[in-house]
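Please read the structure below before turning to the comments.
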Amino acid sequence: MKGQVLNYTAQTESGVISGNDGKRYTFAASEWKDTVPPARGMNVDFEIQESEAKAIYRALGCCSGVLNEKNKIVAGVLAILLGFLGAHKFYLGYIGPGLVFLLTNTVGWVLTVFMFGVPNFILGVIAVIEGVLYLVSTDEDFERNHVTGRRPWF
């Protein structure tokens with residue numbers, strides 16, 4: 001059956017799934033069969049056994065909560081056009097790496113006289129490479145690696 005995680009608490013290692021049949025099913029973390037931990041809003045596929053969800057898998061092509069609004073085309077275009085400022089990192093929710101791009105680029109502009117713009121050029125190249133990688137990846141790979149998997153670099 002298909003459904004959506006309504007709640008998951010790591011402390012109790014349990015949660016609740018709302019099935020497509022309108023019923024709610026409890027589950028234990030031991031039934032979770034994915035490397036990405038369960039999160040509220042995550043679409044799942046599961047089996048039912050006595051009003052409990054068993055053998056729970058994250059459904060492909062979905063993700064959790066606010067993150068499901070992330071689009072690989074938007075991320076790729078941001079990386080290619082404004083990547084030197086970290087726009088694609090901020091869009092994907094990677095605040096730390098976004099700040100690395102933004103601060104390094106800002107400091108790089110100040111130090112351009114001394115360093116000939118090397119930091120800016122390197123960040124620009126990295127951003128373009130990441131943008132192209134976002135655009136050529138499948139939707140499932142993009143989501144697995146950069147949205148739910150939270151892999152901030154390449």
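Lettering and numbering for the structure tokens are positional, with chains as A, B, ... in the shown order, residues counted from 1 in each chain, and ligands counted from 1 in the shown order.
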**Message:** At a cut-off of 12 Å, using only C-alpha atoms, what residues contact Tyr8 in chain A? Leave out same-chain residues fewer than 5 positions from it and give the result as a ChimeraX atom specification.
**Reply:** /A:13-18,25-29,32,37-42,64
**Prompt:** Leaving out Val136 in chain A and any residue of its chain fewer than 6 positions from it, which residues lie within 12 Å of it when counting only C-alpha atoms, given as a list in words?
**Reply:**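 Listed by chain and then number, they are Lys72, Ile73, Ala75, Gly76, Val77, Ile129, Glu130 and Phe142 of chain A.
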**Item:** Point-to-point distance from CA of Ala87 in chain A to CA of Glu140 in chain A, Å rounded to tenths
**Value:** 22.0 Å
**Request:** Check chain A with DSSP on the backbone and list each residue it calls alpha helix (DSSP H), as a PyMOL selection string.
**Result:** chain A and resi 72-82+87-92+95-110+112-115+118-136+139-142
**Message:** List as a ChimeraX atom specification the protein and nucleic acid residues near Lys23 in chain A, meaning an atom at most 12 Å away when only C-alpha atoms are counted, but skip any in the same chain fewer than 6 places from it.
**Reply:** /A:1-4,6,16-17,48,51-53
How about saving the chosen residues, C-alpha atoms kept, as a PDB file, in the first residue's frame?
ATOM      1  CA  MET A   1       0.000   0.000   0.000  1.00  0.00           C
ATOM      2  CA  LYS A   2       1.035   3.581  -0.558  1.00  0.00           C
ATOM      3  CA  GLY A   3       0.929   6.242   2.126  1.00  0.00           C
ATOM      4  CA  GLN A   4       2.646   9.149   3.803  1.00  0.00           C
ATOM      5  CA  LEU A   6       2.579  11.614   9.441  1.00  0.00           C
ATOM      6  CA  VAL A  16       2.572   6.805  12.128  1.00  0.00           C
ATOM      7  CA  ILE A  17       1.751   6.432   8.442  1.00  0.00           C
ATOM      8  CA  ILE A  48      -0.057  -3.994   6.430  1.00  0.00           C
ATOM      9  CA  SER A  51      -2.981  -2.401  11.687  1.00  0.00           C
ATOM     10  CA  GLU A  52       0.803  -1.964  11.682  1.00  0.00           C
ATOM     11  CA  ALA A  53       2.981  -0.945   8.762  1.00  0.00           C
TER      12      ALA A  53
END
**Item:** Residue contacts of Phe101 in chain A (7 Å, only C-alpha atoms) excluding same-chain residues fewer than 5 positions away, as a list of chain:residue names
**Value:**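 Counting only C-alpha atoms, the residues come to A:Phe84, A:Leu85, A:Gly86, A:Leu123.
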Using only N, CA and C atoms, please write the residues we just selected to a file, as a PDB file, in the first residue's frame.
ATOM      1  N   PHE A  84      28.475  31.057  -8.476  1.00  0.00           N
ATOM      2  CA  PHE A  84      29.645  31.651  -7.820  1.00  0.00           C
ATOM      3  C   PHE A  84      29.260  32.345  -6.520  1.00  0.00           C
ATOM      4  N   LEU A  85      27.964  32.691  -6.357  1.00  0.00           N
ATOM      5  CA  LEU A  85      27.476  33.293  -5.113  1.00  0.00           C
ATOM      6  C   LEU A  85      26.848  32.251  -4.182  1.00  0.00           C
ATOM      7  N   GLY A  86      26.777  30.996  -4.641  1.00  0.00           N
ATOM      8  CA  GLY A  86      26.207  29.932  -3.819  1.00  0.00           C
ATOM      9  C   GLY A  86      24.693  29.843  -3.892  1.00  0.00           C
ATOM     10  N   LEU A 123      35.527  28.842  -7.870  1.00  0.00           N
ATOM     11  CA  LEU A 123      34.143  28.648  -7.435  1.00  0.00           C
ATOM     12  C   LEU A 123      33.188  28.661  -8.619  1.00  0.00           C
TER      13      LEU A 123
END
**Message:** If DSSP is run on the backbone, what residues of chain A are strand (DSSP E or B)? A reply as number ranges by chain would be ideal.
**Reply:** A: 2-9, 14-19, 24-28, 32, 43-49, 52-58
**Asked** Hey, which of A:Ala59, A:Val147, A:Ala10, A:Val36 ends up closest to Gly93 in chain A? Count only C-alpha atoms.
**Response** A:Val147
**Message:** Measuring between only C-alpha atoms, which one of A:Phe90, A:Glu50, A:Arg144, A:Asn43 shows the shortest distance to Val74 in chain A?
**Reply:**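 Comparing A:Phe90, A:Glu50, A:Arg144, A:Asn43 against Val74 in chain A, the winner is A:Phe90.
If you look at CA of Val125 in chain A and CA of Pro97 in chain A, they are 15.1 Å away from each other.
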